[in-house]
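Source file: entry09.cif. Holds: mmCIF, C-alpha atoms.
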data_model
loop_
_atom_site.label_atom_id
_atom_site.label_comp_id
_atom_site.auth_asym_id
_atom_site.auth_seq_id
_atom_site.Cartn_x
_atom_site.Cartn_y
_atom_site.Cartn_z
CA MET B 1 -11.72 -69.66 21.52
CA THR B 2 -14.29 -67.85 19.39
CA ARG B 3 -13.65 -66.92 15.80
CA ARG B 4 -13.88 -63.25 16.80
CA ALA B 5 -11.19 -63.59 19.53
CA PHE B 6 -8.72 -65.51 17.37
CA PRO B 7 -7.72 -62.53 15.13
CA ARG B 8 -7.02 -60.47 18.27
CA VAL B 9 -4.65 -63.13 19.62
CA LEU B 10 -2.97 -63.40 16.24
CA MET B 11 -2.43 -59.63 16.10
CA ALA B 12 -0.93 -59.69 19.62
CA VAL B 13 1.56 -62.37 18.63
CA PHE B 14 2.43 -60.46 15.48
CA ALA B 15 3.10 -57.32 17.54
CA VAL B 16 5.61 -59.19 19.73
CA VAL B 17 7.72 -60.26 16.75
CA THR B 18 7.37 -57.06 14.78
CA VAL B 19 10.44 -56.32 12.71
CA VAL B 20 12.18 -53.10 13.71
CA SER B 21 14.86 -51.50 11.53
CA THR B 22 17.56 -49.39 13.17
CA GLY B 23 21.16 -48.33 12.52
CA GLY B 24 21.57 -50.37 9.36
CA CYS B 25 20.51 -53.57 11.13
CA THR B 26 17.15 -55.29 11.15
CA ALA B 27 16.11 -56.38 14.63
CA TRP B 28 13.81 -59.40 14.96
CA VAL B 29 13.13 -61.20 18.23
CA GLY B 30 16.13 -59.49 19.81
CA TYR B 31 18.62 -60.15 17.00
CA CYS B 32 19.98 -57.85 14.32
CA MET B 33 21.12 -58.96 10.93
CA ALA B 34 22.85 -56.94 8.27
CA LYS B 35 21.50 -57.05 4.74
CA SER B 36 24.04 -59.79 4.01
CA ASN B 37 23.87 -63.23 5.65
CA GLU B 38 26.32 -62.18 8.38
CA THR B 39 24.66 -61.79 11.77
CA VAL B 40 26.17 -58.73 13.38
CA CYS B 41 23.90 -57.54 16.17
CA GLY B 42 22.98 -59.15 19.47
CA LYS B 43 20.21 -59.29 22.01
CA SER B 44 21.72 -56.70 24.35
CA ASP B 45 24.71 -55.45 22.34
CA PRO B 46 24.10 -53.66 19.01
CA GLU B 47 27.52 -54.72 17.74
CA TRP B 48 27.63 -58.46 18.46
CA GLY B 49 25.35 -61.45 18.31
CA ALA B 50 24.80 -64.99 17.09
CA GLY B 51 27.17 -66.02 14.36
CA THR B 52 30.06 -63.80 15.46
CA GLU B 53 31.52 -65.99 18.23
CA ILE B 54 34.34 -68.35 17.31
CA SER B 55 33.73 -71.64 19.10
CA PHE B 56 36.61 -73.61 20.63
CA TYR B 57 34.53 -76.67 21.49
CA GLY B 58 35.59 -80.05 20.13
CA THR B 59 37.49 -79.80 16.88
CA GLU B 60 36.31 -76.26 16.04
CA PHE B 61 39.67 -74.71 16.87
CA GLN B 62 41.54 -77.08 14.55
CA ARG B 63 38.97 -76.49 11.83
CA ARG B 64 39.17 -72.70 11.99
CA PHE B 65 42.92 -72.23 12.58
CA LYS B 66 46.11 -73.52 10.96
CA GLN B 67 49.04 -74.19 13.30
CA PHE B 68 52.64 -73.27 12.53
CA GLY B 69 55.86 -73.61 14.53
CA SER B 70 56.53 -75.67 17.64
CA THR B 71 53.83 -74.27 19.93
CA SER B 72 51.47 -76.75 21.55
CA TRP B 73 47.87 -75.50 21.23
CA ASN B 74 45.63 -77.48 23.58
CA VAL B 75 41.87 -77.12 23.94
CA PRO B 76 40.92 -79.04 27.13
CA VAL B 77 37.35 -77.67 27.26
CA ASP B 78 36.57 -74.29 25.74
CA THR B 79 39.85 -72.46 26.43
CA VAL B 80 42.88 -72.62 24.16
CA ILE B 81 46.20 -73.02 26.02
CA ALA B 82 49.47 -72.27 24.23
CA SER B 83 52.79 -73.55 25.62
CA GLY B 84 56.08 -75.03 24.50
CA GLY B 85 58.11 -73.45 21.71
CA PRO B 86 57.42 -70.39 19.55
CA GLY B 87 54.79 -70.51 16.83
CA HIS B 88 51.46 -69.11 15.71
CA VAL B 89 47.94 -69.99 14.59
CA THR B 90 46.24 -68.34 11.62
CA LEU B 91 42.58 -68.18 10.65
CA VAL B 92 42.18 -70.30 7.55
CA HIS B 93 40.75 -67.53 5.36
CA LYS B 94 41.81 -63.96 4.63
CA GLN B 95 39.59 -61.36 6.24
CA PRO B 96 38.24 -58.09 4.80
CA ASP B 97 37.44 -55.12 7.06
CA PHE B 98 36.47 -56.51 10.45
CA LYS B 99 36.02 -56.00 14.17
CA TRP B 100 37.76 -58.57 16.37
CA GLN B 101 37.53 -59.11 20.10
CA MET B 102 39.07 -61.75 22.33
CA LYS B 103 39.72 -62.44 26.01
CA TYR B 104 43.10 -63.80 27.02
CA ARG B 105 45.46 -64.35 29.93
CA VAL B 106 49.24 -64.70 30.03
CA GLU B 107 51.39 -66.55 32.56
CA GLY B 108 55.11 -66.01 33.12
CA ASP B 109 57.21 -64.06 30.65
CA ALA B 110 55.41 -65.18 27.47
CA ARG B 111 55.36 -62.85 24.48
CA VAL B 112 52.14 -62.76 22.48
CA ALA B 113 50.94 -60.67 19.55
CA LEU B 114 47.81 -60.46 17.43
CA ALA B 115 48.64 -60.12 13.74
CA VAL B 116 46.20 -58.50 11.30
CA ARG B 117 46.42 -57.89 7.56
CA ALA B 118 49.08 -60.62 7.40
CA GLU B 119 50.18 -61.34 3.84
CA ASN B 120 51.65 -64.80 4.49
CA GLU B 121 49.77 -67.22 6.73
CA ALA B 122 52.87 -69.33 7.41
CA ASN B 123 55.37 -66.54 8.02
CA ILE B 124 54.16 -63.74 10.30
CA THR B 125 56.56 -60.79 10.65
CA ALA B 126 56.35 -57.07 11.33
CA SER B 127 57.21 -56.43 7.69
CA ASN B 128 54.26 -58.36 6.25
CA ALA B 129 51.64 -57.86 8.96
CA TYR B 130 50.57 -55.41 11.64
CA LEU B 131 51.60 -56.92 14.99
CA ILE B 132 49.62 -55.81 18.04
CA THR B 133 51.40 -56.57 21.32
CA LEU B 134 49.30 -58.50 23.83
CA ALA B 135 52.15 -59.54 26.14
CA ASP B 136 55.82 -58.59 26.14
CA GLY B 137 57.44 -60.55 28.94
CA ALA B 138 57.71 -58.34 31.98
CA ASN B 139 57.15 -55.13 30.00
CA SER B 140 53.48 -54.18 30.21
CA SER B 141 53.95 -50.67 28.78
CA THR B 142 53.98 -52.00 25.21
CA VAL B 143 50.66 -53.87 25.48
CA GLY B 144 48.25 -52.46 22.91
CA SER B 145 50.98 -50.99 20.71
CA ILE B 146 51.51 -51.78 17.01
CA THR B 147 55.07 -52.88 16.28
CA GLY B 148 56.97 -50.23 14.31
CA LEU B 149 53.90 -48.03 14.02
CA THR B 150 52.56 -46.79 17.36
CA LYS B 151 53.33 -46.84 21.05
CA ALA B 152 50.60 -47.63 23.54
CA GLU B 153 48.64 -44.43 24.29
CA ALA B 154 47.04 -45.74 27.49
CA ALA B 155 48.34 -48.12 30.11
CA PRO B 156 46.03 -51.14 30.15
CA GLY B 157 45.19 -53.05 33.29
CA THR B 158 47.53 -55.91 34.15
CA GLY B 159 47.36 -58.90 36.44
CA TRP B 160 46.53 -62.58 36.42
CA GLY B 161 42.95 -62.04 35.28
CA TYR B 162 41.75 -62.15 31.71
CA GLN B 163 42.42 -59.13 29.53
CA GLU B 164 40.26 -58.08 26.58
CA VAL B 165 41.59 -56.81 23.27
CA GLN B 166 39.43 -55.27 20.57
CA VAL B 167 40.73 -54.47 17.10
CA ILE B 168 38.94 -52.67 14.28
CA VAL B 169 40.43 -52.71 10.80
CA SER B 170 38.32 -50.55 8.51
CA GLY B 171 39.80 -49.18 5.30
CA SER B 172 42.92 -47.25 6.28
CA ARG B 173 42.13 -47.20 10.02
CA LEU B 174 43.46 -49.61 12.62
CA VAL B 175 42.11 -49.03 16.13
CA VAL B 176 43.22 -51.11 19.13
CA SER B 177 41.61 -51.15 22.57
CA ILE B 178 42.71 -53.06 25.67
CA ASN B 179 40.16 -53.46 28.48
CA GLY B 180 38.02 -50.73 26.97
CA LYS B 181 40.85 -48.19 26.58
CA VAL B 182 42.02 -47.12 23.13
CA THR B 183 45.76 -47.79 23.01
CA SER B 184 46.45 -47.29 19.29
CA ASP B 185 44.65 -45.45 16.49
CA ALA B 186 46.68 -45.54 13.30
CA VAL B 187 46.39 -44.87 9.59
CA VAL B 188 47.62 -47.94 7.69
CA ASN B 189 48.40 -48.53 4.03
CA ARG B 190 48.01 -52.31 3.91
CA THR B 191 44.27 -52.23 3.25
CA ALA B 192 43.82 -55.40 1.16
CA ASP B 193 42.43 -58.57 2.69
CA GLY B 194 44.85 -60.32 5.02
CA PHE B 195 45.09 -63.09 7.58
CA ILE B 196 44.45 -62.84 11.33
CA ALA B 197 46.98 -64.72 13.47
CA VAL B 198 48.06 -65.11 17.09
CA THR B 199 51.82 -65.45 17.65
CA PHE B 200 53.31 -67.03 20.77
CA ASP B 201 56.76 -67.19 22.35
CA PRO B 202 57.27 -68.77 25.81
CA GLY B 203 59.80 -66.10 26.79
CA ALA B 204 63.33 -66.41 28.13
CA SER B 205 62.21 -68.87 30.79
CA GLY B 206 60.64 -71.15 28.19
CA THR B 207 57.70 -71.74 30.52
CA GLY B 208 55.35 -68.90 29.66
CA ARG B 209 51.76 -69.74 28.73
CA PHE B 210 48.94 -68.08 26.86
CA TYR B 211 45.24 -68.72 27.54
CA LEU B 212 42.62 -67.74 24.96
CA MET B 213 39.16 -67.84 26.48
CA GLU B 214 36.92 -66.53 23.73
CA ALA B 215 36.99 -64.67 20.43
CA ARG B 216 34.43 -63.14 18.13
CA LYS B 217 34.51 -61.39 14.80
CA ARG B 218 32.13 -59.50 12.56
CA TRP B 219 32.50 -57.81 9.21
CA CYS B 220 32.62 -54.04 8.84
CA GLN B 221 30.15 -53.23 6.08
CA ARG B 222 28.43 -50.18 4.71
CA GLU B 223 25.19 -51.35 6.32
CA SER B 224 26.87 -51.90 9.69
CA PRO B 225 30.10 -49.87 9.94
CA CYS B 226 32.56 -50.44 12.77
CA LEU B 227 33.85 -46.87 12.97
#
Could the structure of this file be written out as structure tokens, please?
Amino acid sequence: MTRRAFPRVLMAVFAVVTVVSTGGCTAWVGYCMAKSNETVCGKSDPEWGAGTEISFYGTEFQRRFKQFGSTSWNVPVDTVIASGGPGHVTLVHKQPDFKWQMKYRVEGDARVALAVRAENEANITASNAYLITLADGANSSTVGSITGLTKAEAAPGTGWGYQEVQVIVSGSRLVVSINGKVTSDAVVNRTADGFIAVTFDPGASGTGRFYLMEARKRWCQRESPCL
């Protein structure tokens, strides 16, 4: 390669990895990062990316979550399976404004809820947390509702396949979507940092199960708002 050709090649490489700023995120080689250290944008999705997925491989689940109650939380490969008695798991740290998404499946008459803004990591109730219904035994009409606050506004899809829940907690807004449909959009007054938890009850039969396939979370910030 001649000395004259080398600068041209260098400029071509530089053009490929040019930094592009858009929507409060800085895109570089397909990834977006907020001005903080939190990666919030992905290769094909402007809202998600590296650093937002919660891994369930190996001991990651035990490291990230605390277990309470008599539920058995097993992680055979990369899917968390809850069975046995009632209980819950809580992320080890309180969370500020965030966007949360997870895929799950329920067998039998299990009752499952996602708790946000929980004040007490060990004791999750409707009086100290916002409980979002993910499964209510045989009653699918309550899925996506917030206990004591809203009823489900849209009937989510049901069946044996995985369902997807997305929750945004930003300031005084709490927005819940199931399978892409907004089921609850509420104004809340518990706006301080709180815990995220998943509660499980096997149902009247005692044999219900809950499968958590994947979860991801990102912060809602001024540079990358969620709403």
Note to self: Evaluated on this file, the PyMOL selection byres ((chain B and resi 190) around 12) picks out some residues - which ones are they, written as a list of chain:residue names?
What the structure shows: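 On this input, the PyMOL selection byres ((chain B and resi 190) around 12) captures B:Pro96, B:Asp97, B:Val116, B:Arg117, B:Ala118, B:Glu119, B:Ser127, B:Asn128, B:Ala129, B:Tyr130, B:Val169, B:Ser170, B:Gly171, B:Ser172, B:Arg173, B:Leu174, B:Ala186, B:Val187, B:Val188, B:Asn189, B:Thr191, B:Ala192, B:Asp193, B:Gly194, B:Phe195.
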Checklist line | Selected residue, from B:Thr147, B:Thr133, B:Ser83, B:Gln95, that lies nearest to Thr71 (chain B) when counting only C-alpha atoms | finding: B:Ser83
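The residues caught by the PyMOL selection byres ((chain B and resi 165-167) around 7) in this file are Lys99, Trp100, Gln101, Met102, Lys103, Gln163, Glu164, Ile168, Val169, Val175, Val176, Ser177, Ile178 and Asn179 of chain B.
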Next item on the list: Give as a list in words the residues that the PyMOL selection byres ((chain B and resi 214) around 10) matches when applied to the coordinates above.
Entry: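 What the PyMOL selection byres ((chain B and resi 214) around 10) grabs from the file is Glu53, Ile54, Ser55, Phe56, Asp78, Thr79, Val80, Gln101, Met102, Lys103, Tyr104, Glu164, Tyr211, Leu212, Met213, Ala215 and Arg216 of chain B.
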Next item on the list: May I ask for the distance between CA of Ile81 (chain B) and CA of His93 (chain B), given in Å to one decimal place?
Entry: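 We find that CA of Ile81 (chain B) and CA of His93 (chain B) lie 22.1 Å from each other.
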Item checked: Selected residue, from B:Val77, B:Ala110, B:Ala135, B:Val182, that lies nearest to Gly206 (chain B) when counting only C-alpha atoms -> B:Ala110
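Atom to atom, CA of Asp109 (chain B) and CA of Phe200 (chain B) stand 11.0 Å apart.
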Check: Just how far from CA of Thr199 (chain B) is CA of Ala115 (chain B), in Å to one decimal?
Finding: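 Separation of CA of Ala115 (chain B) and CA of Thr199 (chain B): 7.3 Å.
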Margin query: With only C-alpha atoms as the counted atoms, please give the residues lying no more than 10 Å from region 64-69 of chain B, apart from itself and same-chain residues fewer than 6 positions off, as a PyMOL selection string.
Written below: chain B and resi 54-56+85-93+121-124+196-200
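The residue that comes closest to Thr183 (chain B), out of B:Ser70, B:Asn120, B:Gln62, B:Thr142 and on the basis of all atoms listed in the file, is B:Thr142.
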Next item on the list: Please check which residues have atoms at most 9 Å from (50.4, -47.9, 24.0) in the file's coordinates, counting all atoms listed in the file, and write them as number ranges by chain.
Entry: B: 141-146, 150-156, 182-184
How would the residues just chosen look if you wrote them out with C-alpha atoms as a CSV table (one decimal), keeping the file's coordinate frame?
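Below is the file result.csv, written as the result:
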chain,number,residue,atom,x,y,z
B,141,SER,CA,54.0,-50.7,28.8
B,142,THR,CA,54.0,-52.0,25.2
B,143,VAL,CA,50.7,-53.9,25.5
B,144,GLY,CA,48.2,-52.5,22.9
B,145,SER,CA,51.0,-51.0,20.7
B,146,ILE,CA,51.5,-51.8,17.0
B,150,THR,CA,52.6,-46.8,17.4
B,151,LYS,CA,53.3,-46.8,21.0
B,152,ALA,CA,50.6,-47.6,23.5
B,153,GLU,CA,48.6,-44.4,24.3
B,154,ALA,CA,47.0,-45.7,27.5
B,155,ALA,CA,48.3,-48.1,30.1
B,156,PRO,CA,46.0,-51.1,30.2
B,182,VAL,CA,42.0,-47.1,23.1
B,183,THR,CA,45.8,-47.8,23.0
B,184,SER,CA,46.4,-47.3,19.3
Please enclose the listed atoms of region 163-173 of chain B in an axis-aligned box, pad each side by 5 Å, and write out the centre and the three edge lengths in Å, rounded to one decimal, as lines of an AutoDock Vina configuration file.
center_x = 40.6
center_y = -53.2
center_z = 17.4
size_x = 14.6
size_y = 21.9
size_z = 34.2
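Shortest separation to Ser72 (chain B) among B:Gly161, B:Gln221, B:Lys94, B:Pro202 occurs at residue B:Pro202, atoms counted being all atoms listed in the file.
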